[in-house]
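For reference, the structure discussed in these notes is given below.
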Amino acid sequence: MMRLLIVCLGNICRSPMAEGALRARLRAARGLDDRVVVDSCGTGDWHVGEPPDPRAIRNAASHGVDIAGLRARSLCDADFDAFDVLLCADASTLRIVESRRPPGSPAQAALLLDWAGTGGGDVPDPYTGAAAGFESVWWQVDAAAAAIVARMEGGASRDRA
């Protein structure tokens, strides 16, 4: 079983979109959704308990993915034991995650796009922008989801890029 946690700042834009894209891709791949646990969270607590941003919900829905039922939560110490890899949306989030890592935690933390193998470094935060920013983020996180699934289908699900 592979356990992946996608992390961004507030858990209402990038990480729920990435969670939805990855869940959808895993469901479409035979048997992978039973072998991979996916969740998302934010480093901040501003939106805990709230659904994703309405623009994120609309954007994901336009691609056939329903993320309306997701609720924001904050990164906690237990996540470092519960998940194998914490996939961060950007370098700032990665630094925060690493600074909050409990001593001896076995979890790996990495940039989402780099770990997926799609390159590109950061997924930009669309929160303060227009709908086009959400569409751009969708294409980035969906490409990452497709690459992760392809890697797992190839039998390399335990690779640590």
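Residue names in the structure tokens use chain letters A, B, ... in the order shown, residue numbers from 1 in each chain, and ligand numbers from 1 in the order shown.
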
List as a CSV table (one decimal) with N, CA and C atoms, in the first residue's frame the protein and nucleic acid residues near Leu87 in chain A, meaning an atom at most 12 Å away when only C-alpha atoms are counted, but skip any in the same chain fewer than 2 places from it.
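Written output follows (part_35.csv):
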```csv
chain,number,residue,atom,x,y,z
A,3,ARG,N,0.9,5.4,0.4
A,3,ARG,CA,0.1,6.4,1.0
A,3,ARG,C,0.7,7.8,0.7
A,4,LEU,N,-0.1,8.6,-0.1
A,4,LEU,CA,0.4,9.9,-0.6
A,4,LEU,C,-0.5,11.0,0.0
A,5,LEU,N,0.2,12.0,0.5
A,5,LEU,CA,-0.5,13.2,1.1
A,5,LEU,C,-0.1,14.4,0.2
A,6,ILE,N,-1.0,15.1,-0.3
A,6,ILE,CA,-0.7,16.3,-1.2
A,6,ILE,C,-0.9,17.5,-0.3
A,7,VAL,N,0.1,18.4,-0.3
A,7,VAL,CA,0.1,19.5,0.7
A,7,VAL,C,0.2,20.8,-0.1
A,8,CYS,N,-0.6,21.8,0.3
A,8,CYS,CA,-0.5,23.2,-0.2
A,8,CYS,C,-0.7,24.1,1.0
A,14,ARG,N,-5.0,24.0,-4.7
A,14,ARG,CA,-4.1,23.1,-5.4
A,14,ARG,C,-4.2,21.7,-4.9
A,15,SER,N,-4.1,21.5,-3.6
A,15,SER,CA,-4.1,20.2,-3.1
A,15,SER,C,-5.4,19.4,-3.2
A,18,ALA,N,-5.4,18.4,-6.9
A,18,ALA,CA,-4.5,17.3,-7.2
A,18,ALA,C,-5.0,16.0,-6.6
A,19,GLU,N,-5.6,16.1,-5.4
A,19,GLU,CA,-6.2,14.9,-4.8
A,19,GLU,C,-7.3,14.3,-5.7
A,22,LEU,N,-5.8,12.8,-8.9
A,22,LEU,CA,-5.1,11.5,-8.7
A,22,LEU,C,-6.1,10.4,-8.4
A,38,VAL,N,-4.8,8.3,-0.9
A,38,VAL,CA,-4.6,9.7,-1.3
A,38,VAL,C,-5.4,10.6,-0.4
A,39,ASP,N,-4.7,11.6,0.1
A,39,ASP,CA,-5.4,12.6,0.9
A,39,ASP,C,-4.7,13.9,0.6
A,40,SER,N,-5.2,15.0,1.2
A,40,SER,CA,-4.6,16.3,1.0
A,40,SER,C,-4.8,17.1,2.3
A,41,CYS,N,-3.9,18.1,2.5
A,41,CYS,CA,-4.0,19.0,3.6
A,41,CYS,C,-3.3,20.3,3.3
A,42,GLY,N,-3.4,21.3,4.2
A,42,GLY,CA,-2.7,22.5,4.1
A,42,GLY,C,-1.8,22.7,5.2
A,75,LEU,N,-2.0,20.1,8.2
A,75,LEU,CA,-1.0,19.1,8.4
A,75,LEU,C,-0.8,18.9,9.9
A,79,ASP,N,0.6,12.9,10.4
A,79,ASP,CA,0.7,12.7,8.9
A,79,ASP,C,2.0,12.2,8.5
A,80,PHE,N,3.1,12.5,9.3
A,80,PHE,CA,4.4,12.1,9.0
A,80,PHE,C,4.6,10.6,9.2
A,83,PHE,N,1.7,8.7,6.3
A,83,PHE,CA,1.9,8.7,4.8
A,83,PHE,C,3.3,8.4,4.5
A,84,ASP,N,3.5,7.8,3.3
A,84,ASP,CA,4.9,7.5,2.8
A,84,ASP,C,5.5,8.8,2.2
A,85,VAL,N,4.7,9.5,1.5
A,85,VAL,CA,5.3,10.7,0.8
A,85,VAL,C,4.3,11.9,1.0
A,89,ALA,N,3.0,21.3,-3.1
A,89,ALA,CA,2.7,22.1,-4.3
A,89,ALA,C,3.8,23.0,-4.7
A,90,ASP,N,4.6,23.5,-3.7
A,90,ASP,CA,5.6,24.5,-4.1
A,90,ASP,C,6.8,24.4,-3.1
A,91,ALA,N,7.8,25.1,-3.4
A,91,ALA,CA,9.0,25.0,-2.6
A,91,ALA,C,8.8,25.6,-1.2
A,93,THR,N,6.0,25.5,0.5
A,93,THR,CA,5.3,24.5,1.3
A,93,THR,C,6.2,23.4,1.7
A,94,LEU,N,7.1,23.0,0.8
A,94,LEU,CA,8.1,21.9,1.1
A,94,LEU,C,8.9,22.4,2.3
A,95,ARG,N,9.4,23.6,2.3
A,95,ARG,CA,10.2,24.1,3.5
A,95,ARG,C,9.4,24.1,4.8
A,97,VAL,N,6.8,22.1,5.5
A,97,VAL,CA,6.7,20.7,5.8
A,97,VAL,C,7.9,20.1,6.5
A,98,GLU,N,9.1,20.4,5.9
A,98,GLU,CA,10.3,19.9,6.4
A,98,GLU,C,10.6,20.5,7.8
A,107,ALA,N,8.7,9.5,6.7
A,107,ALA,CA,8.0,10.0,5.5
A,107,ALA,C,9.0,10.8,4.6
A,108,GLN,N,8.8,10.7,3.3
A,108,GLN,CA,9.6,11.5,2.4
A,108,GLN,C,8.7,12.8,2.1
A,109,ALA,N,9.4,13.9,1.9
A,109,ALA,CA,8.7,15.1,1.4
A,109,ALA,C,9.4,15.5,0.1
A,110,ALA,N,8.5,15.9,-0.8
A,110,ALA,CA,9.1,16.3,-2.2
A,110,ALA,C,8.1,17.2,-2.8
A,111,LEU,N,8.6,17.9,-3.9
A,111,LEU,CA,7.7,18.7,-4.7
A,111,LEU,C,6.8,17.7,-5.6
A,112,LEU,N,5.5,18.0,-5.6
A,112,LEU,CA,4.6,17.1,-6.4
A,112,LEU,C,5.1,16.9,-7.8
A,113,LEU,N,5.3,18.0,-8.5
A,113,LEU,CA,5.7,17.9,-9.9
A,113,LEU,C,7.0,17.1,-10.2
A,114,ASP,N,8.0,17.4,-9.3
A,114,ASP,CA,9.2,16.7,-9.4
A,114,ASP,C,9.1,15.2,-9.1
A,115,TRP,N,8.4,14.9,-8.0
A,115,TRP,CA,8.2,13.5,-7.6
A,115,TRP,C,7.5,12.7,-8.7
A,116,ALA,N,6.5,13.4,-9.3
A,116,ALA,CA,5.7,12.7,-10.3
A,116,ALA,C,6.5,12.5,-11.6
A,121,GLY,N,8.9,22.1,-11.1
A,121,GLY,CA,9.0,22.7,-9.8
A,121,GLY,C,7.7,23.0,-9.1
A,122,ASP,N,7.3,24.3,-9.1
A,122,ASP,CA,6.1,24.7,-8.3
A,122,ASP,C,4.8,24.7,-9.1
A,123,VAL,N,3.7,24.3,-8.4
A,123,VAL,CA,2.4,24.5,-8.9
A,123,VAL,C,2.0,25.9,-8.3
A,141,VAL,N,-1.6,19.5,-12.3
A,141,VAL,CA,-1.8,18.4,-11.3
A,141,VAL,C,-2.4,17.2,-12.0
A,144,ALA,N,0.6,15.5,-13.5
A,144,ALA,CA,1.3,14.8,-12.4
A,144,ALA,C,0.6,13.5,-12.0
A,145,ALA,N,-0.7,13.6,-11.9
A,145,ALA,CA,-1.5,12.4,-11.5
A,145,ALA,C,-1.3,11.3,-12.6
A,148,ILE,N,2.1,9.8,-12.1
A,148,ILE,CA,2.2,8.9,-10.9
A,148,ILE,C,1.6,7.6,-11.2
A,160,ARG,N,11.4,6.3,-5.0
A,160,ARG,CA,11.4,7.6,-4.3
A,160,ARG,C,12.3,8.5,-5.2
A,161,ALA,N,11.6,9.3,-6.0
A,161,ALA,CA,12.4,10.2,-6.9
A,161,ALA,C,13.1,11.3,-6.1
```

Test item, strand (DSSP E or B) assignment across range 14-110 of chain A, answer as a ChimeraX atom specification
/A:36-42,74,85-88,108-110

Would you export the selected residues with C-alpha atoms as a tab-separated table (two decimals), in the first residue's frame, please?
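Result file follows (out.tsv):
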```tsv
chain	number	residue	atom	x	y	z
A	36	VAL	CA	-2.91	3.76	-3.06
A	37	VAL	CA	-4.28	6.00	-0.30
A	38	VAL	CA	-4.55	9.66	-1.28
A	39	ASP	CA	-5.39	12.62	0.95
A	40	SER	CA	-4.62	16.33	1.03
A	41	CYS	CA	-4.04	19.02	3.62
A	42	GLY	CA	-2.70	22.52	4.08
A	74	SER	CA	-4.19	21.11	8.48
A	85	VAL	CA	5.28	10.69	0.79
A	86	LEU	CA	4.14	14.25	1.40
A	87	LEU	CA	3.83	15.84	-2.05
A	88	CYS	CA	4.14	19.61	-1.77
A	108	GLN	CA	9.58	11.52	2.41
A	109	ALA	CA	8.69	15.09	1.43
A	110	ALA	CA	9.07	16.26	-2.15
```

If you measure from CA of Ala56 in chain A to CA of Arg73 in chain A, what distance in Å do you get, rounded to one decimal?
16.1 Å

Report as a ChimeraX atom specification: the residues of range 5-156 of chain A with a DSSP assignment of helix (DSSP H, G or I), based on the backbone of this structure.
/A:14-28,32-34,54-62,79-82,91-99,112-116,131-153

Contact residues around Val149 in chain A with only C-alpha atoms at 12 Å, ignoring same-chain residues under 3 positions, as a list in words
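With the cut-off at 12 Å, the set is Met2, Ala21, Leu22, Arg23, Ala24, Arg25, Leu26, Arg27, Ala28, Ala29, Arg30, Gly31, Leu32, Asp33, Arg35, Val36, Ala116, Gly117, Asp142, Ala143, Ala144, Ala145, Ala146, Met152, Glu153, Gly154, Gly155, Ala156 and Ser157 of chain A.
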
Need to verify the contact set: Arg58 in chain A, 9 Å, only C-alpha atoms, exclusion of same-chain residues closer than 6 positions in sequence. Can you return it as a list in words?
Asp66, Ile67 and Ala68 of chain A

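As for CA of Glu50 in chain A and CA of Trp138 in chain A, they are spaced 20.0 Å apart.
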
Considering only C-alpha atoms, state which residue in the set A:Val137, A:Ala147, A:Met17, A:Leu9 is at the smallest distance from Ala60 in chain A.
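Smallest distance to Ala60 in chain A is found for A:Met17.
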
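Here the question is which of A:Arg151, A:Thr128, A:Thr118, A:Gly20 gets nearest to Val65 in chain A using only C-alpha atoms, and that residue is A:Gly20.
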
Of A:Ala78, A:Ala131, A:Ala61, A:Ala72, the one sitting nearest Arg101 in chain A when using only C-alpha atoms is A:Ala78

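With CA of Thr43 in chain A on one side and CA of Ile12 in chain A on the other, the separation reads 11.3 Å.
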
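Comparing A:His63, A:Met1, A:Val48, A:Asn11 by their smallest distance to Glu135 in chain A, the closest is A:His63 (using only C-alpha atoms).
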
Please determine, counting only C-alpha atoms, which residue among A:Asp125, A:Asp45, A:Asp81, A:Asp53 has the shortest atom-to-atom distance to Gln140 in chain A.
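Looking only at the distances to Gln140 in chain A, the closest residue turns out to be A:Asp125.
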
Rank A:Gly69, A:Pro106, A:Gly119, A:Gly129 by their smallest atom-to-atom distance to Gly49 in chain A, using only C-alpha atoms, and report the top residue only.
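Checking each candidate against Gly49 in chain A, we get A:Gly69 as the closest.
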